[in-house]
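For reference, input.cif (mmCIF, C-alpha atoms):
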```cif
data_data
#
loop_
_atom_site.label_atom_id
_atom_site.label_comp_id
_atom_site.auth_asym_id
_atom_site.auth_seq_id
_atom_site.Cartn_x
_atom_site.Cartn_y
_atom_site.Cartn_z
CA MET A 1 -6.36 86.94 -21.96
CA ASN A 2 -10.12 86.78 -21.48
CA TYR A 3 -11.13 87.74 -25.00
CA PRO A 4 -14.92 87.50 -24.46
CA MET A 5 -14.71 89.87 -21.50
CA LEU A 6 -12.59 92.29 -23.52
CA ALA A 7 -15.02 92.21 -26.44
CA TYR A 8 -17.99 92.92 -24.17
CA LYS A 9 -16.13 95.84 -22.61
CA LEU A 10 -15.47 97.24 -26.06
CA TRP A 11 -19.13 96.91 -26.99
CA ASP A 12 -20.25 98.63 -23.79
CA ARG A 13 -17.76 101.45 -24.28
CA TYR A 14 -18.93 101.89 -27.87
CA LYS A 15 -22.56 102.26 -26.79
CA ARG A 16 -21.64 104.90 -24.22
CA GLN A 17 -19.97 106.99 -26.91
CA GLN A 18 -23.35 107.57 -28.65
CA PHE A 19 -21.98 108.02 -32.15
CA PRO A 20 -24.31 109.14 -34.95
CA PRO A 21 -24.98 106.57 -37.70
CA VAL A 22 -21.89 106.22 -39.88
CA TYR A 23 -20.27 103.39 -41.83
CA THR A 24 -18.31 102.42 -38.75
CA THR A 25 -21.65 101.73 -37.05
CA ILE A 26 -22.13 98.94 -39.58
CA LEU A 27 -18.71 97.49 -38.81
CA THR A 28 -19.29 97.54 -35.05
CA TYR A 29 -22.77 96.00 -35.34
CA TYR A 30 -21.29 93.20 -37.43
CA GLY A 31 -18.67 92.67 -34.74
CA ALA A 32 -21.36 92.55 -32.04
CA PHE A 33 -23.36 90.03 -34.08
CA ARG A 34 -20.29 87.83 -34.37
CA LEU A 35 -19.67 88.14 -30.63
CA ALA A 36 -23.25 87.13 -29.88
CA GLU A 37 -22.90 84.12 -32.17
CA VAL A 38 -19.61 82.81 -30.81
CA MET A 39 -20.79 83.30 -27.21
CA ASP A 40 -24.27 81.91 -27.92
CA ASP A 41 -25.62 85.09 -26.32
CA GLY A 42 -29.28 85.51 -27.19
CA ILE A 43 -29.59 88.72 -25.19
CA LEU A 44 -26.79 90.44 -27.11
CA LEU A 45 -28.13 89.08 -30.38
CA GLU A 46 -31.53 90.60 -29.70
CA GLU A 47 -29.94 93.88 -28.66
CA VAL A 48 -28.03 94.21 -31.94
CA ARG A 49 -31.07 93.14 -33.97
CA GLU A 50 -33.07 95.90 -32.32
CA LYS A 51 -30.38 98.48 -33.08
CA LEU A 52 -30.21 97.33 -36.71
CA HIS A 53 -33.99 97.33 -37.24
CA PRO A 54 -34.35 101.01 -38.27
CA PHE A 55 -31.58 100.56 -40.85
CA TRP A 56 -32.97 97.70 -42.92
CA ASN A 57 -36.49 99.02 -42.35
CA GLY A 58 -35.64 102.30 -44.11
CA LYS A 59 -36.03 104.51 -41.03
CA ILE A 60 -32.49 105.90 -41.22
CA ALA A 61 -32.52 108.71 -43.75
CA ALA A 62 -28.77 109.02 -44.19
CA VAL A 63 -25.56 107.40 -43.00
CA ALA A 64 -22.19 109.09 -43.38
CA GLY A 65 -19.89 107.34 -45.83
CA TYR A 66 -19.76 107.31 -49.62
CA TYR A 67 -21.96 104.22 -49.89
CA GLY A 68 -24.48 105.59 -47.43
CA LYS A 69 -27.26 105.96 -49.94
CA TYR A 70 -27.29 102.47 -51.45
CA ASP A 71 -25.63 100.43 -48.71
CA TYR A 72 -24.91 101.78 -45.25
CA ARG A 73 -28.29 103.34 -44.57
CA TRP A 74 -29.79 99.85 -45.01
CA GLY A 75 -27.39 98.28 -42.54
CA GLY A 76 -24.71 97.21 -45.02
CA ASN A 77 -22.64 94.20 -44.02
CA ALA A 78 -24.38 93.84 -40.66
CA SER A 79 -27.80 93.52 -42.29
CA ALA A 80 -26.53 91.19 -45.01
CA TRP A 81 -24.81 88.91 -42.49
CA ALA A 82 -27.86 88.85 -40.22
CA LEU A 83 -30.09 88.12 -43.22
CA LEU A 84 -27.84 85.26 -44.34
CA HIS A 85 -28.02 83.69 -40.88
CA ASP A 86 -31.80 84.10 -40.56
CA TYR A 87 -31.59 86.70 -37.82
CA LEU A 88 -33.86 89.13 -39.69
CA PRO A 89 -37.55 88.74 -40.58
CA GLU A 90 -38.63 87.81 -44.10
CA GLU A 91 -39.67 91.38 -44.90
CA ALA A 92 -36.04 92.49 -44.62
CA GLU A 93 -34.98 90.44 -47.64
CA GLY A 94 -36.82 92.50 -50.25
CA LYS A 95 -35.56 95.78 -48.84
CA ILE A 96 -31.93 94.70 -48.68
CA CYS A 97 -32.13 93.22 -52.18
CA ALA A 98 -33.57 96.51 -53.45
CA ALA A 99 -30.58 98.32 -51.91
CA CYS A 100 -28.22 95.92 -53.71
CA ASP A 101 -30.04 96.52 -56.99
CA ASP A 102 -29.64 100.27 -56.55
CA LEU A 103 -25.96 99.87 -55.75
CA LEU A 104 -25.37 97.86 -58.93
CA THR A 105 -27.37 100.09 -61.24
CA LEU A 106 -26.88 103.60 -59.83
CA GLN A 107 -23.41 103.68 -58.30
CA PRO A 108 -20.97 105.54 -60.62
CA ARG A 109 -18.26 103.43 -62.23
CA TYR A 110 -14.92 104.21 -63.82
CA GLU A 111 -14.69 102.91 -67.39
CA ASN A 112 -17.91 101.00 -66.77
CA LYS A 113 -16.24 98.71 -64.22
CA ILE A 114 -14.85 99.74 -60.85
CA PHE A 115 -17.01 101.77 -58.46
CA CYS A 116 -15.74 105.34 -58.08
CA ARG A 117 -16.57 108.86 -56.93
CA PRO A 118 -15.56 112.37 -58.09
CA LYS A 119 -11.83 113.05 -58.20
CA TRP A 120 -10.62 115.15 -55.30
CA TYR A 121 -8.45 117.37 -57.48
CA GLU A 122 -11.00 117.53 -60.34
CA PRO A 123 -14.52 117.29 -58.83
CA SER A 124 -16.19 117.56 -62.22
CA GLN A 125 -14.70 114.18 -63.22
CA MET A 126 -15.39 110.72 -61.85
CA GLY A 127 -12.45 108.47 -61.12
CA PHE A 128 -11.47 108.51 -57.44
CA ARG A 129 -11.07 104.84 -56.45
CA TRP A 130 -10.10 103.57 -53.01
CA ILE A 131 -9.57 100.37 -51.09
CA ASP A 132 -12.11 101.43 -48.44
CA SER A 133 -14.84 100.52 -50.94
CA VAL A 134 -14.34 96.78 -50.81
CA PHE A 135 -15.21 96.61 -47.10
CA GLY A 136 -18.45 98.44 -47.78
CA ILE A 137 -19.67 96.66 -50.88
CA CYS A 138 -18.16 93.18 -51.24
CA PRO A 139 -19.49 91.35 -48.15
CA PHE A 140 -22.81 93.21 -48.50
CA LEU A 141 -23.32 91.94 -52.04
CA LEU A 142 -21.91 88.46 -51.41
CA TRP A 143 -23.96 87.63 -48.32
CA THR A 144 -27.17 89.06 -49.77
CA GLY A 145 -26.58 87.19 -53.01
CA LEU A 146 -26.02 83.90 -51.19
CA LYS A 147 -29.19 84.34 -49.16
CA CYS A 148 -31.42 85.53 -52.00
CA GLY A 149 -30.00 83.36 -54.78
CA ARG A 150 -28.86 86.40 -56.77
CA GLN A 151 -25.83 85.39 -58.80
CA ASN A 152 -25.34 88.92 -60.12
CA TYR A 153 -24.70 90.18 -56.58
CA ILE A 154 -22.12 87.46 -55.96
CA ASP A 155 -20.43 88.11 -59.31
CA GLU A 156 -20.28 91.86 -58.66
CA ALA A 157 -18.74 91.32 -55.22
CA ALA A 158 -15.95 89.20 -56.73
CA ALA A 159 -15.48 91.56 -59.69
CA GLN A 160 -15.14 94.65 -57.50
CA MET A 161 -12.57 92.89 -55.36
CA ARG A 162 -10.54 91.99 -58.44
CA TYR A 163 -10.78 95.52 -59.88
CA HIS A 164 -9.61 97.11 -56.65
CA HIS A 165 -6.87 94.54 -56.09
CA GLU A 166 -5.49 94.93 -59.61
CA LEU A 167 -5.40 98.71 -59.25
CA LEU A 168 -4.26 99.23 -55.66
CA PHE A 169 -2.19 96.21 -54.59
CA ASP A 170 1.59 96.47 -54.70
CA PRO A 171 2.81 92.98 -55.69
CA VAL A 172 6.32 93.69 -54.39
CA ARG A 173 5.49 95.03 -50.92
CA LYS A 174 2.25 93.00 -50.89
CA LEU A 175 0.37 95.90 -49.39
CA TYR A 176 -2.49 98.10 -50.57
CA HIS A 177 -2.13 101.67 -51.62
CA GLN A 178 -5.19 103.49 -50.33
CA CYS A 179 -6.43 105.22 -53.47
CA MET A 180 -6.05 106.45 -57.01
CA ASP A 181 -6.79 110.01 -58.12
CA ALA A 182 -6.77 111.58 -54.67
CA SER A 183 -4.83 114.85 -54.73
CA ARG A 184 -3.14 114.03 -58.04
CA PRO A 185 -3.67 111.62 -60.97
CA GLU A 186 -1.71 108.68 -59.55
CA LEU A 187 -1.63 106.22 -56.68
CA THR A 188 -1.07 107.47 -53.16
CA PRO A 189 2.44 106.13 -52.46
CA GLY A 190 2.00 105.15 -48.79
CA TYR A 191 0.48 102.00 -47.29
CA TRP A 192 -2.11 102.99 -44.70
CA SER A 193 -2.82 100.28 -42.13
CA ARG A 194 -6.60 100.70 -41.96
CA GLY A 195 -6.73 100.76 -45.75
CA VAL A 196 -4.84 97.45 -45.82
CA GLY A 197 -7.30 96.22 -43.19
CA TRP A 198 -10.31 97.20 -45.29
CA GLY A 199 -8.94 95.19 -48.19
CA LEU A 200 -8.25 92.16 -46.01
CA HIS A 201 -11.68 92.33 -44.38
CA ALA A 202 -13.25 91.87 -47.81
CA LEU A 203 -10.77 89.19 -48.91
CA ALA A 204 -11.36 87.16 -45.75
CA ASP A 205 -15.13 87.28 -46.14
CA LEU A 206 -15.06 86.52 -49.85
CA SER A 207 -12.62 83.63 -49.42
CA ALA A 208 -14.84 82.12 -46.74
CA GLY A 209 -18.15 82.65 -48.55
CA LEU A 210 -17.56 82.63 -52.29
CA PRO A 211 -18.46 79.23 -53.78
CA SER A 212 -15.28 77.31 -54.59
CA ASP A 213 -16.43 76.75 -58.18
CA HIS A 214 -16.87 80.47 -58.84
CA PRO A 215 -14.59 81.68 -61.68
CA GLU A 216 -12.97 84.27 -59.41
CA TYR A 217 -12.44 81.99 -56.41
CA ASP A 218 -8.79 81.11 -57.12
CA TYR A 219 -7.94 84.73 -57.83
CA ILE A 220 -9.53 85.90 -54.57
CA ARG A 221 -7.78 83.19 -52.55
CA GLN A 222 -4.39 84.09 -54.03
CA ALA A 223 -5.00 87.77 -53.36
CA TYR A 224 -5.87 86.90 -49.76
CA GLN A 225 -2.70 84.85 -49.37
CA ASP A 226 -0.52 87.59 -50.85
CA ALA A 227 -2.05 90.36 -48.73
CA ILE A 228 -1.68 88.34 -45.53
CA ASP A 229 1.96 87.58 -46.37
CA GLY A 230 2.58 91.28 -46.83
CA CYS A 231 1.15 91.93 -43.38
CA VAL A 232 3.22 89.16 -41.76
CA ALA A 233 6.32 90.85 -43.15
CA SER A 234 5.18 94.29 -41.92
CA GLN A 235 4.33 93.48 -38.28
CA ASP A 236 6.50 95.21 -35.69
CA PRO A 237 8.27 93.22 -32.91
CA ALA A 238 5.56 94.19 -30.40
CA GLY A 239 2.84 92.74 -32.65
CA MET A 240 1.38 95.95 -34.06
CA TRP A 241 0.93 97.37 -37.52
CA HIS A 242 1.65 101.05 -37.90
CA GLN A 243 -0.21 104.02 -39.35
CA SER A 244 2.05 103.67 -42.37
CA MET A 245 2.70 99.96 -42.78
CA ASP A 246 6.25 100.32 -44.07
CA ASP A 247 7.45 102.90 -41.55
CA PHE A 248 7.82 101.94 -37.90
CA GLY A 249 8.51 105.62 -37.19
CA THR A 250 4.78 106.23 -37.55
CA TYR A 251 2.56 105.36 -34.61
CA PRO A 252 1.14 101.86 -33.96
CA GLU A 253 -2.47 101.97 -35.18
CA THR A 254 -5.23 99.91 -33.58
CA SER A 255 -8.04 99.87 -36.15
CA GLY A 256 -5.78 98.59 -38.92
CA THR A 257 -4.23 96.08 -36.54
CA GLY A 258 -7.68 94.83 -35.49
CA LEU A 259 -8.88 94.41 -39.07
CA ILE A 260 -5.71 92.56 -40.07
CA LEU A 261 -6.08 90.24 -37.07
CA TYR A 262 -9.72 89.57 -37.97
CA ALA A 263 -8.72 88.55 -41.49
CA LEU A 264 -5.75 86.51 -40.30
CA GLY A 265 -7.71 84.73 -37.57
CA LYS A 266 -10.56 83.94 -39.93
CA GLY A 267 -8.12 82.50 -42.45
CA ILE A 268 -6.46 80.33 -39.80
CA ARG A 269 -9.86 79.13 -38.58
CA ASN A 270 -10.94 78.21 -42.11
CA GLY A 271 -7.74 76.29 -42.83
CA PHE A 272 -6.29 78.76 -45.33
CA PHE A 273 -3.15 79.60 -43.32
CA THR A 274 -1.74 76.49 -41.67
CA SER A 275 1.91 77.38 -41.16
CA GLU A 276 2.90 78.10 -37.56
CA LYS A 277 4.17 81.54 -38.59
CA TYR A 278 0.60 82.72 -39.17
CA LEU A 279 -0.60 81.62 -35.74
CA GLU A 280 2.44 83.22 -34.12
CA THR A 281 1.72 86.46 -36.00
CA PHE A 282 -1.87 86.33 -34.79
CA LYS A 283 -0.90 85.71 -31.16
CA ARG A 284 1.71 88.44 -31.20
CA GLY A 285 -0.82 90.83 -32.73
CA LEU A 286 -3.40 90.08 -30.06
CA ARG A 287 -0.87 90.78 -27.33
CA GLY A 288 0.09 94.05 -28.95
CA LEU A 289 -3.47 95.21 -29.61
CA THR A 290 -4.77 94.50 -26.11
CA GLY A 291 -2.10 96.82 -24.72
CA TYR A 292 -3.93 99.75 -26.30
CA ILE A 293 -7.34 98.91 -24.79
CA GLY A 294 -8.19 100.31 -21.36
CA LEU A 295 -9.91 98.53 -18.50
CA ASP A 296 -13.13 100.39 -19.37
CA GLY A 297 -12.97 99.31 -23.04
CA SER A 298 -11.50 102.60 -24.27
CA VAL A 299 -9.30 102.30 -27.35
CA HIS A 300 -6.13 104.32 -27.93
CA ASN A 301 -4.13 104.92 -31.10
CA CYS A 302 -6.97 104.81 -33.60
CA CYS A 303 -6.53 107.04 -36.64
CA CYS A 304 -9.33 109.49 -37.32
CA GLY A 305 -10.97 109.58 -40.76
CA CYS A 306 -8.26 109.50 -43.40
CA CYS A 307 -9.05 109.34 -47.12
CA SER A 308 -5.94 111.13 -48.44
CA PRO A 309 -7.48 114.20 -50.10
CA GLY A 310 -5.45 117.39 -50.19
CA TYR A 311 -2.01 115.86 -49.65
CA ASN A 312 0.21 113.26 -51.24
CA GLY A 313 -0.42 110.13 -49.17
CA THR A 314 3.18 109.55 -48.07
CA ALA A 315 4.17 107.98 -44.77
CA ALA A 316 4.76 111.47 -43.37
CA ASP A 317 1.31 112.60 -44.53
CA TYR A 318 -0.39 109.64 -42.87
CA GLN A 319 1.56 110.31 -39.67
CA MET A 320 0.09 113.82 -39.61
CA ARG A 321 -3.38 112.27 -39.27
CA GLY A 322 -3.17 111.82 -35.54
CA TRP A 323 -4.86 109.19 -33.42
CA VAL A 324 -8.01 109.83 -31.39
CA LEU A 325 -9.06 108.20 -28.13
CA ASN A 326 -12.31 106.27 -28.68
CA ASP A 327 -12.69 107.34 -32.30
CA ASN A 328 -15.73 105.87 -34.01
CA HIS A 329 -13.45 103.60 -36.09
CA ALA A 330 -11.89 102.16 -32.95
CA PHE A 331 -14.34 99.52 -31.68
CA GLY A 332 -15.42 97.20 -34.49
CA PRO A 333 -11.93 95.94 -35.44
CA PRO A 334 -10.84 94.77 -31.95
CA ILE A 335 -14.26 93.22 -31.29
CA LEU A 336 -13.85 91.21 -34.49
CA ALA A 337 -10.28 90.26 -33.58
CA CYS A 338 -11.50 89.02 -30.20
CA THR A 339 -14.26 86.93 -31.77
CA GLU A 340 -11.72 85.19 -33.98
CA ALA A 341 -9.54 84.53 -30.93
CA VAL A 342 -12.53 82.91 -29.18
CA GLU A 343 -13.28 80.82 -32.27
CA LEU A 344 -9.68 79.59 -32.38
CA GLN A 345 -9.77 78.77 -28.67
CA LYS A 346 -12.91 76.71 -29.23
CA LYS A 347 -11.13 74.76 -31.95
CA GLY A 348 -8.08 74.22 -29.74
CA ILE A 349 -5.83 76.11 -32.15
CA LEU A 350 -5.28 78.96 -29.70
CA LYS A 351 -4.66 77.82 -26.14
CA ASP A 352 -6.36 79.40 -23.15
CA GLY A 353 -4.21 82.18 -21.81
CA GLU A 354 -2.51 82.89 -25.15
#
```

Structure re-expressed in C-alpha cells:
Amino acid sequence: MNYPMLAYKLWDRYKRQQFPPVYTTILTYYGAFRLAEVMDDGILLEEVREKLHPFWNGKIAAVAGYYGKYDYRWGGNASAWALLHDYLPEEAEGKICAACDDLLTLQPRYENKIFCRPKWYEPSQMGFRWIDSVFGICPFLLWTGLKCGRQNYIDEAAAQMRYHHELLFDPVRKLYHQCMDASRPELTPGYWSRGVGWGLHALADLSAGLPSDHPEYDYIRQAYQDAIDGCVASQDPAGMWHQSMDDFGTYPETSGTGLILYALGKGIRNGFFTSEKYLETFKRGLRGLTGYIGLDGSVHNCCCGCCSPGYNGTAADYQMRGWVLNDNHAFGPPILACTEAVELQKKGILKDGE
C-alpha cells in the first residue's frame, strides 16, 4: 500500500468538503502537519501553517466543541505541536500560552480536579466528564508546556489523563467507557471506538513527550500499555474496531480504528510495544482501514457526533448512531495512521507493500 499517496488523497478530499471550524479541524491539521514532516514536504507544511494562522492569531471567533473557547479556537493540538517544532512565529507563543492559562484557571472542574461540563440530565449541576476531553486538552498543554518551559501545563496534562483514566477505564475489559453523568448518574456501559481512540491519542502523545522523570510518567505508560492491550483483544478478524468495541454486531468504525492505529503505530515506533503481536495488529488494522477509503479519498463508516446524551450508552444505542460518508471526524484519524505507517517503513519495521 502506498500510504503517502493515500494520506494526500485524504487531505485533498478533506479540503474539498469545506467544513466549518470544529475540533475535528484541529485533529486533521495536526495530521497534515505530521504528513508534511514525514514526507519532508515544505509546500504542504506552508499550506497547513497558512490555514492555522487565523486560529493562533485570534481571528477565529468560535470553534465548535466544548473546549472551543480556551483551546480549539486557538488551534489546539495543531498549534501546540507546530509551536513545539518551531513552525510558528515567536508571536504565537504568548497567545497560545494565554489560552493555556485560561484553560487552567477558567475551565470548570468536578471536585476541584477533573475538567467537566454541565450534566446532561441535570443542566444546573456540573459533573459531566468524558474521555473526549483528553484528546483536546492533554497534548495541547503538554506540547505548549515543553516549548514554553511551563511546568504547570505539563503537570496538568498528566493529571487530567490520570483523572480521566481512573474514572473511565475498565480494568477488566481494558477499554474506556465514554462518559460519566450523561443521561443518568453513572458510567455509560458501552465502549465506543472513537472514545477509546481519543483516550489512546492522548496516552500515545503523553508517553512520547512527558519527561521520563515526571512523577506521573510510569502511571501514564502503564495506562497506555493496558489500553493498547484492550484494543489488541478487541480487533475483529478483518482488522477493524467496531462502533461498540465489544460487539462485532455493530458496524466497523473508521475514525476509532484510525485513532487506535495512530496510537499503536506511535508506540511501536517509540519502542514501547516490541512484541510481534502489536506489529501484526497494526498491519491487520491498516489493511482493514484502507478498505473503507475510496480512490478519491472519501471515507466510509465514520460515526457522526456521538456524546451519549439522551440515551443509555449501550452497544445498541451506539449502533443507532449511524455512519456518515465523509463526516468531519473521518479524515484526521486515517491521515495519522498513514503517517505512522510511513514512519515505520522508514525505520524498516514495516516492509514496503505491507

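Reported to one decimal place, the separation of CA of Gly332 (chain A) from CA of Thr250 (chain A) is 22.3 Å.
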
Gly294 (chain A) proximity check over A:Ile260, A:Leu10, A:Ala202, A:Cys138, using only C-alpha atoms: winner is A:Leu10

What does the PyMOL selection byres ((chain A and resi 75-86) around 6) select in this file, as a VMD selection string?
chain A and resid 26 29 to 30 55 to 56 71 to 74 87 to 88 139 to 140 143 to 144 147

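Ranking A:Glu280, A:Glu46, A:Glu340, A:Asp229 by their shortest atom-to-atom distance to Gly258 (chain A), with only C-alpha atoms included, puts A:Glu340 first.
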
If you count only C-alpha atoms, the residue of A:Pro4, A:Gly145, A:Gly348, A:Pro185 closest to Leu206 (chain A) turns out to be A:Gly145

Student task, region 167-178 of chain A output with N, CA, C and O atoms as a compact mmCIF listing (two decimals), in the first residue's frame:
```
# COMPACT_ATOMS: atom_id res chain seq x y z
N LEU A 167 -11.34 7.27 36.24
CA LEU A 167 -12.80 7.30 36.24
C LEU A 167 -13.40 6.41 35.16
O LEU A 167 -14.38 5.69 35.40
N LEU A 168 -12.82 6.43 33.96
CA LEU A 168 -13.50 5.88 32.79
C LEU A 168 -12.93 4.56 32.26
O LEU A 168 -13.58 3.92 31.42
N PHE A 169 -11.76 4.16 32.71
CA PHE A 169 -11.15 2.94 32.18
C PHE A 169 -11.64 1.71 32.91
O PHE A 169 -11.63 1.66 34.15
N ASP A 170 -12.06 0.71 32.15
CA ASP A 170 -12.47 -0.57 32.72
C ASP A 170 -11.24 -1.48 32.79
O ASP A 170 -10.72 -1.91 31.76
N PRO A 171 -10.75 -1.79 33.98
CA PRO A 171 -9.50 -2.57 34.08
C PRO A 171 -9.67 -4.03 33.69
O PRO A 171 -8.66 -4.72 33.49
N VAL A 172 -10.90 -4.50 33.57
CA VAL A 172 -11.13 -5.89 33.16
C VAL A 172 -11.16 -5.98 31.63
O VAL A 172 -10.41 -6.75 31.03
N ARG A 173 -12.01 -5.19 30.99
CA ARG A 173 -12.07 -5.19 29.53
C ARG A 173 -10.92 -4.40 28.92
O ARG A 173 -10.62 -4.53 27.74
N LYS A 174 -10.30 -3.54 29.71
CA LYS A 174 -9.20 -2.67 29.26
C LYS A 174 -9.65 -1.77 28.11
O LYS A 174 -8.94 -1.59 27.11
N LEU A 175 -10.82 -1.19 28.31
CA LEU A 175 -11.40 -0.27 27.35
C LEU A 175 -12.02 0.90 28.10
O LEU A 175 -12.37 0.78 29.28
N TYR A 176 -12.15 2.02 27.41
CA TYR A 176 -12.74 3.21 28.03
C TYR A 176 -14.25 3.24 27.85
O TYR A 176 -14.77 3.05 26.75
N HIS A 177 -14.94 3.50 28.95
CA HIS A 177 -16.31 4.00 28.86
C HIS A 177 -16.23 5.44 28.36
O HIS A 177 -15.25 6.14 28.66
N GLN A 178 -17.26 5.89 27.66
CA GLN A 178 -17.14 7.24 27.10
C GLN A 178 -17.32 8.32 28.16
O GLN A 178 -16.57 9.30 28.16
```
